[in-house]
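Coordinates as given in run07.pdb (PDB, C-alpha atoms):
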```
ATOM      1  CA  MET A 135     -69.746 133.000 -53.663
ATOM      2  CA  PRO A 136     -69.465 129.199 -53.998
ATOM      3  CA  ASN A 137     -72.217 127.459 -55.937
ATOM      4  CA  GLN A 138     -74.776 126.427 -53.311
ATOM      5  CA  ASN A 139     -75.932 123.340 -55.245
ATOM      6  CA  SER A 140     -72.332 122.141 -55.449
ATOM      7  CA  ILE A 141     -71.905 122.683 -51.712
ATOM      8  CA  LYS A 142     -75.126 120.797 -50.987
ATOM      9  CA  TRP A 143     -74.151 117.746 -53.049
ATOM     10  CA  LYS A 144     -70.636 117.635 -51.607
ATOM     11  CA  GLU A 145     -72.091 117.805 -48.107
ATOM     12  CA  LEU A 146     -74.446 114.922 -48.907
ATOM     13  CA  LEU A 147     -71.502 112.955 -50.310
ATOM     14  CA  ILE A 148     -69.577 113.506 -47.089
ATOM     15  CA  ILE A 149     -72.576 112.357 -45.038
ATOM     16  CA  GLY A 150     -72.684 109.201 -47.172
ATOM     17  CA  MET A 151     -68.995 108.618 -46.423
ATOM     18  CA  VAL A 152     -69.741 108.950 -42.717
ATOM     19  CA  LEU A 153     -72.692 106.551 -42.780
ATOM     20  CA  PHE A 154     -71.126 103.855 -44.983
ATOM     21  CA  PRO A 155     -68.551 102.723 -42.354
ATOM     22  CA  ILE A 156     -71.397 102.239 -39.883
ATOM     23  CA  VAL A 157     -73.333 100.086 -42.345
ATOM     24  CA  LEU A 158     -70.179  98.134 -43.249
ATOM     25  CA  THR A 159     -69.345  97.521 -39.583
ATOM     26  CA  VAL A 160     -72.850  96.202 -38.862
ATOM     27  CA  TYR A 161     -72.654  93.930 -41.915
ATOM     28  CA  ILE A 162     -69.268  92.350 -41.138
ATOM     29  CA  TRP A 163     -69.806  92.113 -37.366
ATOM     30  CA  PRO A 164     -71.003  88.461 -37.413
ATOM     31  CA  PHE A 165     -68.032  87.427 -39.575
ATOM     32  CA  ALA A 166     -65.293  89.142 -37.557
ATOM     33  CA  PRO A 167     -63.210  87.162 -35.008
ATOM     34  CA  ASP A 168     -63.198  88.046 -31.307
ATOM     35  CA  ILE A 169     -59.683  89.496 -31.616
ATOM     36  CA  VAL A 170     -59.062  91.768 -34.611
ATOM     37  CA  PRO A 171     -56.050  93.708 -35.958
ATOM     38  CA  ILE A 172     -56.051  97.461 -35.319
ATOM     39  CA  HIS A 173     -52.661  98.422 -36.782
ATOM     40  CA  TRP A 174     -50.736  97.404 -39.886
ATOM     41  CA  ASP A 175     -47.109  97.908 -41.001
ATOM     42  CA  PHE A 176     -46.062  99.406 -44.338
ATOM     43  CA  ALA A 177     -46.311  96.000 -46.006
ATOM     44  CA  GLY A 178     -49.932  95.690 -44.896
ATOM     45  CA  LYS A 179     -49.308  93.048 -42.221
ATOM     46  CA  PRO A 180     -51.092  93.363 -38.829
ATOM     47  CA  ASP A 181     -48.763  94.199 -35.942
ATOM     48  CA  ASN A 182     -51.227  95.081 -33.168
ATOM     49  CA  TYR A 183     -54.569  93.627 -32.048
ATOM     50  CA  ALA A 184     -57.583  94.458 -29.872
ATOM     51  CA  ASP A 185     -60.920  92.948 -28.926
ATOM     52  CA  LYS A 186     -63.727  92.948 -31.475
ATOM     53  CA  THR A 187     -65.719  95.808 -29.953
ATOM     54  CA  MET A 188     -62.762  98.181 -29.813
ATOM     55  CA  GLY A 189     -61.416  97.129 -33.204
ATOM     56  CA  LEU A 190     -64.678  97.530 -35.118
ATOM     57  CA  LEU A 191     -66.322 100.505 -33.387
ATOM     58  CA  LEU A 192     -63.395 102.820 -32.698
ATOM     59  CA  PHE A 193     -62.773 103.970 -36.265
ATOM     60  CA  PRO A 194     -66.428 104.659 -37.196
ATOM     61  CA  GLY A 195     -66.689 106.608 -33.936
ATOM     62  CA  ILE A 196     -63.679 108.716 -34.899
ATOM     63  CA  ILE A 197     -65.186 109.366 -38.345
ATOM     64  CA  ILE A 198     -68.480 110.559 -36.815
ATOM     65  CA  GLY A 199     -66.669 112.764 -34.316
ATOM     66  CA  LEU A 200     -64.522 114.374 -37.019
ATOM     67  CA  TYR A 201     -67.571 115.060 -39.160
ATOM     68  CA  PHE A 202     -69.317 117.096 -36.468
ATOM     69  CA  PHE A 203     -66.090 118.801 -35.381
ATOM     70  CA  LEU A 204     -65.219 120.018 -38.893
ATOM     71  CA  LYS A 205     -68.826 120.774 -39.783
ATOM     72  CA  TYR A 206     -69.333 123.143 -36.856
ATOM     73  CA  LEU A 207     -65.740 124.335 -36.540
ATOM     74  CA  PRO A 208     -66.483 127.920 -37.695
ATOM     75  CA  ARG A 209     -68.856 128.414 -34.758
ATOM     76  CA  ILE A 210     -66.139 127.937 -32.135
ATOM     77  CA  ASP A 211     -63.214 129.614 -33.921
ATOM     78  CA  PRO A 212     -62.524 133.208 -32.748
ATOM     79  CA  SER A 213     -61.658 134.025 -36.374
ATOM     80  CA  LYS A 214     -64.951 132.612 -37.661
ATOM     81  CA  PHE A 215     -65.578 135.673 -39.819
ATOM     82  CA  ASN A 216     -62.763 134.532 -42.143
ATOM     83  CA  TYR A 217     -64.395 131.166 -42.903
ATOM     84  CA  PRO A 218     -66.864 132.350 -45.586
ATOM     85  CA  SER A 219     -63.904 133.418 -47.755
ATOM     86  CA  PHE A 220     -62.595 129.839 -47.937
ATOM     87  CA  GLU A 221     -65.830 127.873 -47.484
ATOM     88  CA  LYS A 222     -65.297 125.952 -50.722
ATOM     89  CA  VAL A 223     -61.708 125.117 -49.788
ATOM     90  CA  LEU A 224     -62.777 123.828 -46.373
ATOM     91  CA  LEU A 225     -65.417 121.650 -48.021
ATOM     92  CA  THR A 226     -62.753 120.203 -50.342
ATOM     93  CA  ILE A 227     -60.534 119.418 -47.343
ATOM     94  CA  ARG A 228     -63.409 117.717 -45.535
ATOM     95  CA  LEU A 229     -64.269 115.715 -48.655
ATOM     96  CA  ALA A 230     -60.649 114.613 -49.072
ATOM     97  CA  LEU A 231     -60.341 113.704 -45.381
ATOM     98  CA  HIS A 232     -63.486 111.581 -45.337
ATOM     99  CA  SER A 233     -62.439 109.918 -48.600
ATOM    100  CA  LEU A 234     -59.160 108.961 -46.915
ATOM    101  CA  LEU A 235     -60.921 107.705 -43.784
ATOM    102  CA  LEU A 236     -63.391 105.703 -45.872
ATOM    103  CA  PHE A 237     -60.550 104.055 -47.796
ATOM    104  CA  ILE A 238     -58.732 103.195 -44.556
ATOM    105  CA  HIS A 239     -61.888 101.747 -43.009
ATOM    106  CA  VAL A 240     -62.706  99.607 -46.054
ATOM    107  CA  ALA A 241     -59.089  98.405 -46.328
ATOM    108  CA  THR A 242     -58.792  97.461 -42.668
ATOM    109  CA  THR A 243     -62.259  95.884 -42.583
ATOM    110  CA  LEU A 244     -61.390  93.644 -45.538
ATOM    111  CA  SER A 245     -58.228  92.614 -43.711
ATOM    112  CA  ILE A 246     -60.137  91.878 -40.501
ATOM    113  CA  VAL A 247     -62.577  89.470 -42.185
ATOM    114  CA  GLY A 248     -59.771  87.755 -44.103
ATOM    115  CA  SER A 249     -60.695  88.998 -47.555
ATOM    116  CA  PRO A 250     -58.278  88.022 -50.381
ATOM    117  CA  TYR A 251     -58.387  91.656 -51.507
ATOM    118  CA  ASP A 252     -55.764  93.030 -49.127
ATOM    119  CA  ILE A 253     -55.246  96.728 -49.858
ATOM    120  CA  THR A 254     -53.903  97.812 -46.466
ATOM    121  CA  SER A 255     -50.408  98.345 -47.915
ATOM    122  CA  TYR A 256     -51.870 101.115 -50.098
ATOM    123  CA  ILE A 257     -53.066 103.196 -47.156
ATOM    124  CA  PHE A 258     -49.796 105.126 -47.183
ATOM    125  CA  TYR A 259     -50.358 106.090 -50.810
ATOM    126  CA  ALA A 260     -53.881 107.247 -49.977
ATOM    127  CA  LEU A 261     -52.378 109.360 -47.197
ATOM    128  CA  ILE A 262     -49.872 110.917 -49.621
ATOM    129  CA  ILE A 263     -52.669 111.753 -52.074
ATOM    130  CA  PHE A 264     -54.595 113.374 -49.219
ATOM    131  CA  MET A 265     -51.545 115.471 -48.303
ATOM    132  CA  ILE A 266     -51.223 116.570 -51.945
ATOM    133  CA  VAL A 267     -54.878 117.674 -52.001
ATOM    134  CA  LEU A 268     -54.431 119.380 -48.630
ATOM    135  CA  GLY A 269     -51.330 121.182 -49.866
ATOM    136  CA  ASN A 270     -53.166 122.422 -52.931
ATOM    137  CA  SER A 271     -56.028 123.661 -50.726
ATOM    138  CA  MET A 272     -53.798 125.324 -48.126
ATOM    139  CA  ILE A 273     -52.784 128.056 -50.551
ATOM    140  CA  ASP A 274     -56.286 129.595 -50.290
ATOM    141  CA  ILE A 275     -56.891 129.177 -46.543
ATOM    142  CA  GLU A 276     -57.378 132.409 -44.612
ATOM    143  CA  GLN A 277     -56.168 132.946 -41.048
ATOM    144  CA  ASN A 278     -57.901 130.770 -38.468
ATOM    145  CA  TYR A 279     -57.021 128.851 -35.311
ATOM    146  CA  PHE A 280     -57.747 125.277 -36.412
ATOM    147  CA  ILE A 281     -56.834 124.598 -40.051
ATOM    148  CA  GLY A 282     -53.497 125.231 -41.721
ATOM    149  CA  ILE A 283     -49.942 125.934 -40.601
ATOM    150  CA  ARG A 284     -50.655 127.508 -37.226
ATOM    151  CA  THR A 285     -47.483 128.883 -35.699
ATOM    152  CA  PRO A 286     -47.069 131.959 -33.456
ATOM    153  CA  TRP A 287     -45.722 133.805 -36.484
ATOM    154  CA  THR A 288     -48.476 132.931 -38.972
ATOM    155  CA  LEU A 289     -51.231 133.633 -36.444
ATOM    156  CA  SER A 290     -49.797 137.022 -35.537
ATOM    157  CA  ASN A 291     -49.232 138.325 -39.060
ATOM    158  CA  LYS A 292     -51.481 137.872 -42.106
ATOM    159  CA  GLU A 293     -48.632 138.347 -44.580
ATOM    160  CA  VAL A 294     -46.597 135.615 -42.886
ATOM    161  CA  TRP A 295     -49.683 133.374 -42.917
ATOM    162  CA  THR A 296     -50.251 133.885 -46.654
ATOM    163  CA  SER A 297     -46.612 133.444 -47.651
ATOM    164  CA  THR A 298     -46.114 130.386 -45.426
ATOM    165  CA  HIS A 299     -49.196 128.655 -46.799
ATOM    166  CA  LYS A 300     -48.106 129.259 -50.376
ATOM    167  CA  PHE A 301     -44.678 127.846 -49.582
ATOM    168  CA  GLY A 302     -46.106 124.913 -47.634
ATOM    169  CA  GLY A 303     -48.794 124.226 -50.221
ATOM    170  CA  TYR A 304     -46.371 124.034 -53.129
ATOM    171  CA  LEU A 305     -43.942 121.977 -51.030
ATOM    172  CA  TRP A 306     -46.624 119.433 -50.093
ATOM    173  CA  VAL A 307     -47.902 119.091 -53.653
ATOM    174  CA  ILE A 308     -44.543 118.812 -55.438
ATOM    175  CA  SER A 309     -42.808 116.668 -52.817
ATOM    176  CA  GLY A 310     -45.965 114.553 -52.438
ATOM    177  CA  ILE A 311     -46.012 113.679 -56.127
ATOM    178  CA  LEU A 312     -42.295 112.853 -56.056
ATOM    179  CA  ILE A 313     -42.484 110.722 -52.894
ATOM    180  CA  PHE A 314     -45.545 108.872 -54.238
ATOM    181  CA  CYS A 315     -43.656 107.872 -57.391
ATOM    182  CA  LEU A 316     -40.501 107.005 -55.422
ATOM    183  CA  LEU A 317     -42.239 104.795 -52.848
ATOM    184  CA  LEU A 318     -44.276 103.043 -55.521
ATOM    185  CA  LEU A 319     -41.093 102.320 -57.499
ATOM    186  CA  LEU A 320     -39.314 101.006 -54.410
ATOM    187  CA  GLN A 321     -42.266  98.767 -53.572
ATOM    188  CA  LEU A 322     -42.378  97.409 -57.128
ATOM    189  CA  LEU A 323     -38.654  96.644 -56.810
ATOM    190  CA  HIS A 324     -39.441  94.750 -53.572
ATOM    191  CA  ILE A 325     -37.251  96.990 -51.435
ATOM    192  CA  ASN A 326     -37.454  96.240 -47.710
ATOM    193  CA  SER A 327     -40.656  97.757 -46.298
ATOM    194  CA  ASP A 328     -38.761  99.200 -43.296
ATOM    195  CA  ILE A 329     -36.632 101.288 -45.680
ATOM    196  CA  ILE A 330     -39.740 102.500 -47.504
ATOM    197  CA  PHE A 331     -41.416 103.396 -44.227
ATOM    198  CA  THR A 332     -38.304 105.294 -43.072
ATOM    199  CA  ILE A 333     -38.328 107.346 -46.287
ATOM    200  CA  PHE A 334     -42.027 108.056 -45.764
ATOM    201  CA  LEU A 335     -41.396 109.276 -42.208
ATOM    202  CA  MET A 336     -38.518 111.480 -43.417
ATOM    203  CA  TRP A 337     -40.873 113.059 -45.938
ATOM    204  CA  ILE A 338     -43.471 113.695 -43.227
ATOM    205  CA  GLY A 339     -40.770 115.353 -41.151
ATOM    206  CA  LEU A 340     -39.778 117.554 -44.081
ATOM    207  CA  ILE A 341     -43.280 118.825 -44.847
ATOM    208  CA  VAL A 342     -43.931 119.537 -41.156
ATOM    209  CA  ILE A 343     -40.644 121.185 -40.166
ATOM    210  CA  ALA A 344     -39.919 123.175 -43.354
ATOM    211  CA  PRO A 345     -43.091 125.368 -43.265
ATOM    212  CA  ILE A 346     -42.657 126.012 -39.530
ATOM    213  CA  THR A 347     -39.074 127.104 -40.105
ATOM    214  CA  TYR A 348     -40.126 129.204 -43.097
ATOM    215  CA  SER A 349     -42.768 131.047 -41.055
ATOM    216  CA  PHE A 350     -40.202 131.943 -38.392
ATOM    217  CA  VAL A 351     -37.579 133.102 -40.899
ATOM    218  CA  TYR A 352     -40.136 135.111 -42.915
ATOM    219  CA  PHE A 353     -41.472 136.746 -39.760
ATOM    220  CA  LYS A 354     -37.960 137.787 -38.712
TER
END
```

Conversion result in structure tokens:
Amino acid sequence: MPNQNSIKWKELLIIGMVLFPIVLTVYIWPFAPDIVPIHWDFAGKPDNYADKTMGLLLFPGIIIGLYFFLKYLPRIDPSKFNYPSFEKVLLTIRLALHSLLLFIHVATTLSIVGSPYDITSYIFYALIIFMIVLGNSMIDIEQNYFIGIRTPWTLSNKEVWTSTHKFGGYLWVISGILIFCLLLLLQLLHINSDIIFTIFLMWIGLIVIAPITYSFVYFK
């Protein structure tokens, strides 16, 4: 059984990550312009805008919603009896997800108020790190209907589920490390950001399509 004290402190840490964006939004509200950026390109430059209310409240709202959804997910999953076997893994995934969301919120908030510390271009690297952590965690996820590589073939056969998640987990970790180093090198060499973004999207396509294909082939 997972250490209960460890679970308690990680849960409190996640709650802190949920509350901090709310506090940050309240603090920067008076300093934010009426129209704020809500989307950035790979180079960290804003390419879409919205009014202040939408731009500042939408993301904290999403963070709060995700917290309650993931927290009480086992109660609505028909396979809820499998959750205790990977409780620690699920907590790690939630911690990694809220760390990613916190980084994105801080980065975009700094950009909105015109801070000289512009770190929005590093959001993609934070996303890659999250995918690496998720890949490492997926190896130990038991069958369920919400988290993992959920295809008709993995959900219908436990052996296919286990094998697919091992394949997908190793693929996400190894390819994630490689793509992180590659994109960082290309950015340091000042390669066109559109090319870097295209490579990133190709990698996303690989780690999504390959496990799905693997589950079908293994099932057959």

Could you tell me, as a ChimeraX atom specification, exactly which residues end up selected when the PyMOL selection byres ((chain A and resi 153-160) around 10) is applied to this structure?
/A:147-152,161-164,166,190-191,193-195,197-198,235-237,239-240,243

Name every residue that the PyMOL selection byres ((chain A and resi 260) around 12) selects in this structure, writing the answer as a list of chain:residue names with chains first and numbers rising.
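So the PyMOL selection byres ((chain A and resi 260) around 12) ends up selecting A:Ala230, A:Leu231, A:His232, A:Ser233, A:Leu234, A:Leu235, A:Leu236, A:Phe237, A:Ile238, A:His239, A:Ala241, A:Ile253, A:Thr254, A:Ser255, A:Tyr256, A:Ile257, A:Phe258, A:Tyr259, A:Leu261, A:Ile262, A:Ile263, A:Phe264, A:Met265, A:Ile266, A:Val267, A:Gly310, A:Ile311, A:Phe314, A:Leu318.
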
Residues in the PyMOL selection byres ((chain A and resi 183) around 10), expressed as a list in words
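Listing what the PyMOL selection byres ((chain A and resi 183) around 10) selects in the shown file: Ile169, Val170, Pro171, Ile172, His173, Trp174, Pro180, Asp181, Asn182, Ala184, Asp185, Lys186, Met188 and Gly189 of chain A.
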
Create the file for the chosen residues now, containing C-alpha atoms and written as a tab-separated table (two decimals), in the frame of the given file.
```tsv
chain	number	residue	atom	x	y	z
A	169	ILE	CA	-59.68	89.50	-31.62
A	170	VAL	CA	-59.06	91.77	-34.61
A	171	PRO	CA	-56.05	93.71	-35.96
A	172	ILE	CA	-56.05	97.46	-35.32
A	173	HIS	CA	-52.66	98.42	-36.78
A	174	TRP	CA	-50.74	97.40	-39.89
A	180	PRO	CA	-51.09	93.36	-38.83
A	181	ASP	CA	-48.76	94.20	-35.94
A	182	ASN	CA	-51.23	95.08	-33.17
A	184	ALA	CA	-57.58	94.46	-29.87
A	185	ASP	CA	-60.92	92.95	-28.93
A	186	LYS	CA	-63.73	92.95	-31.48
A	188	MET	CA	-62.76	98.18	-29.81
A	189	GLY	CA	-61.42	97.13	-33.20
```

If I wrap all listed atoms of segment 150-155 of chain A in a box with edges along x, y and z and add 3 Å on each side, what are its centre and edge lengths in Å to one decimal, as lines of an AutoDock Vina configuration file?
```
center_x = -70.6
center_y = 106.0
center_z = -44.8
size_x = 10.1
size_y = 12.5
size_z = 10.8
```

With all atoms listed in the file as the atoms that count, which of A:Ile281, A:Leu204, A:Val294, A:Leu319 lies nearest to Val351 of chain A?
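Nearest to Val351 of chain A: A:Val294.
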
Selection: 12 Å around segment 334-349 of chain A, all atoms listed in the file, excl. self and same-chain fewer than 6 positions, as JSON, numbers by chain:
{"A": [176, 258, 259, 261, 262, 265, 266, 268, 269, 272, 282, 283, 284, 285, 286, 287, 288, 289, 290, 291, 292, 293, 294, 295, 296, 297, 298, 299, 300, 301, 302, 303, 304, 305, 306, 307, 308, 309, 310, 311, 312, 313, 314, 315, 316, 317, 318, 320, 327, 328]}

Would you save the residues of that selection, restricted to C-alpha atoms, as a PDB file, keeping the file's coordinate frame?
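Result file is again27.pdb:
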```
ATOM      1  CA  PHE A 176     -46.062  99.406 -44.338  1.00  0.00           C
ATOM      2  CA  PHE A 258     -49.796 105.126 -47.183  1.00  0.00           C
ATOM      3  CA  TYR A 259     -50.358 106.090 -50.810  1.00  0.00           C
ATOM      4  CA  LEU A 261     -52.378 109.360 -47.197  1.00  0.00           C
ATOM      5  CA  ILE A 262     -49.872 110.917 -49.621  1.00  0.00           C
ATOM      6  CA  MET A 265     -51.545 115.471 -48.303  1.00  0.00           C
ATOM      7  CA  ILE A 266     -51.223 116.570 -51.945  1.00  0.00           C
ATOM      8  CA  LEU A 268     -54.431 119.380 -48.630  1.00  0.00           C
ATOM      9  CA  GLY A 269     -51.330 121.182 -49.866  1.00  0.00           C
ATOM     10  CA  MET A 272     -53.798 125.324 -48.126  1.00  0.00           C
ATOM     11  CA  GLY A 282     -53.497 125.231 -41.721  1.00  0.00           C
ATOM     12  CA  ILE A 283     -49.942 125.934 -40.601  1.00  0.00           C
ATOM     13  CA  ARG A 284     -50.655 127.508 -37.226  1.00  0.00           C
ATOM     14  CA  THR A 285     -47.483 128.883 -35.699  1.00  0.00           C
ATOM     15  CA  PRO A 286     -47.069 131.959 -33.456  1.00  0.00           C
ATOM     16  CA  TRP A 287     -45.722 133.805 -36.484  1.00  0.00           C
ATOM     17  CA  THR A 288     -48.476 132.931 -38.972  1.00  0.00           C
ATOM     18  CA  LEU A 289     -51.231 133.633 -36.444  1.00  0.00           C
ATOM     19  CA  SER A 290     -49.797 137.022 -35.537  1.00  0.00           C
ATOM     20  CA  ASN A 291     -49.232 138.325 -39.060  1.00  0.00           C
ATOM     21  CA  LYS A 292     -51.481 137.872 -42.106  1.00  0.00           C
ATOM     22  CA  GLU A 293     -48.632 138.347 -44.580  1.00  0.00           C
ATOM     23  CA  VAL A 294     -46.597 135.615 -42.886  1.00  0.00           C
ATOM     24  CA  TRP A 295     -49.683 133.374 -42.917  1.00  0.00           C
ATOM     25  CA  THR A 296     -50.251 133.885 -46.654  1.00  0.00           C
ATOM     26  CA  SER A 297     -46.612 133.444 -47.651  1.00  0.00           C
ATOM     27  CA  THR A 298     -46.114 130.386 -45.426  1.00  0.00           C
ATOM     28  CA  HIS A 299     -49.196 128.655 -46.799  1.00  0.00           C
ATOM     29  CA  LYS A 300     -48.106 129.259 -50.376  1.00  0.00           C
ATOM     30  CA  PHE A 301     -44.678 127.846 -49.582  1.00  0.00           C
ATOM     31  CA  GLY A 302     -46.106 124.913 -47.634  1.00  0.00           C
ATOM     32  CA  GLY A 303     -48.794 124.226 -50.221  1.00  0.00           C
ATOM     33  CA  TYR A 304     -46.371 124.034 -53.129  1.00  0.00           C
ATOM     34  CA  LEU A 305     -43.942 121.977 -51.030  1.00  0.00           C
ATOM     35  CA  TRP A 306     -46.624 119.433 -50.093  1.00  0.00           C
ATOM     36  CA  VAL A 307     -47.902 119.091 -53.653  1.00  0.00           C
ATOM     37  CA  ILE A 308     -44.543 118.812 -55.438  1.00  0.00           C
ATOM     38  CA  SER A 309     -42.808 116.668 -52.817  1.00  0.00           C
ATOM     39  CA  GLY A 310     -45.965 114.553 -52.438  1.00  0.00           C
ATOM     40  CA  ILE A 311     -46.012 113.679 -56.127  1.00  0.00           C
ATOM     41  CA  LEU A 312     -42.295 112.853 -56.056  1.00  0.00           C
ATOM     42  CA  ILE A 313     -42.484 110.722 -52.894  1.00  0.00           C
ATOM     43  CA  PHE A 314     -45.545 108.872 -54.238  1.00  0.00           C
ATOM     44  CA  CYS A 315     -43.656 107.872 -57.391  1.00  0.00           C
ATOM     45  CA  LEU A 316     -40.501 107.005 -55.422  1.00  0.00           C
ATOM     46  CA  LEU A 317     -42.239 104.795 -52.848  1.00  0.00           C
ATOM     47  CA  LEU A 318     -44.276 103.043 -55.521  1.00  0.00           C
ATOM     48  CA  LEU A 320     -39.314 101.006 -54.410  1.00  0.00           C
ATOM     49  CA  SER A 327     -40.656  97.757 -46.298  1.00  0.00           C
ATOM     50  CA  ASP A 328     -38.761  99.200 -43.296  1.00  0.00           C
TER      51      ASP A 328
END
```

d(atom CA of Ile330 of chain A, atom CA of Leu244 of chain A) in Å
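According to the coordinates, atom CA of Ile330 of chain A and atom CA of Leu244 of chain A are separated by 23.5 Å.
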
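One distance worth recording is that between atom CA of Leu225 of chain A and atom CA of Glu276 of chain A, which is 13.9 Å.
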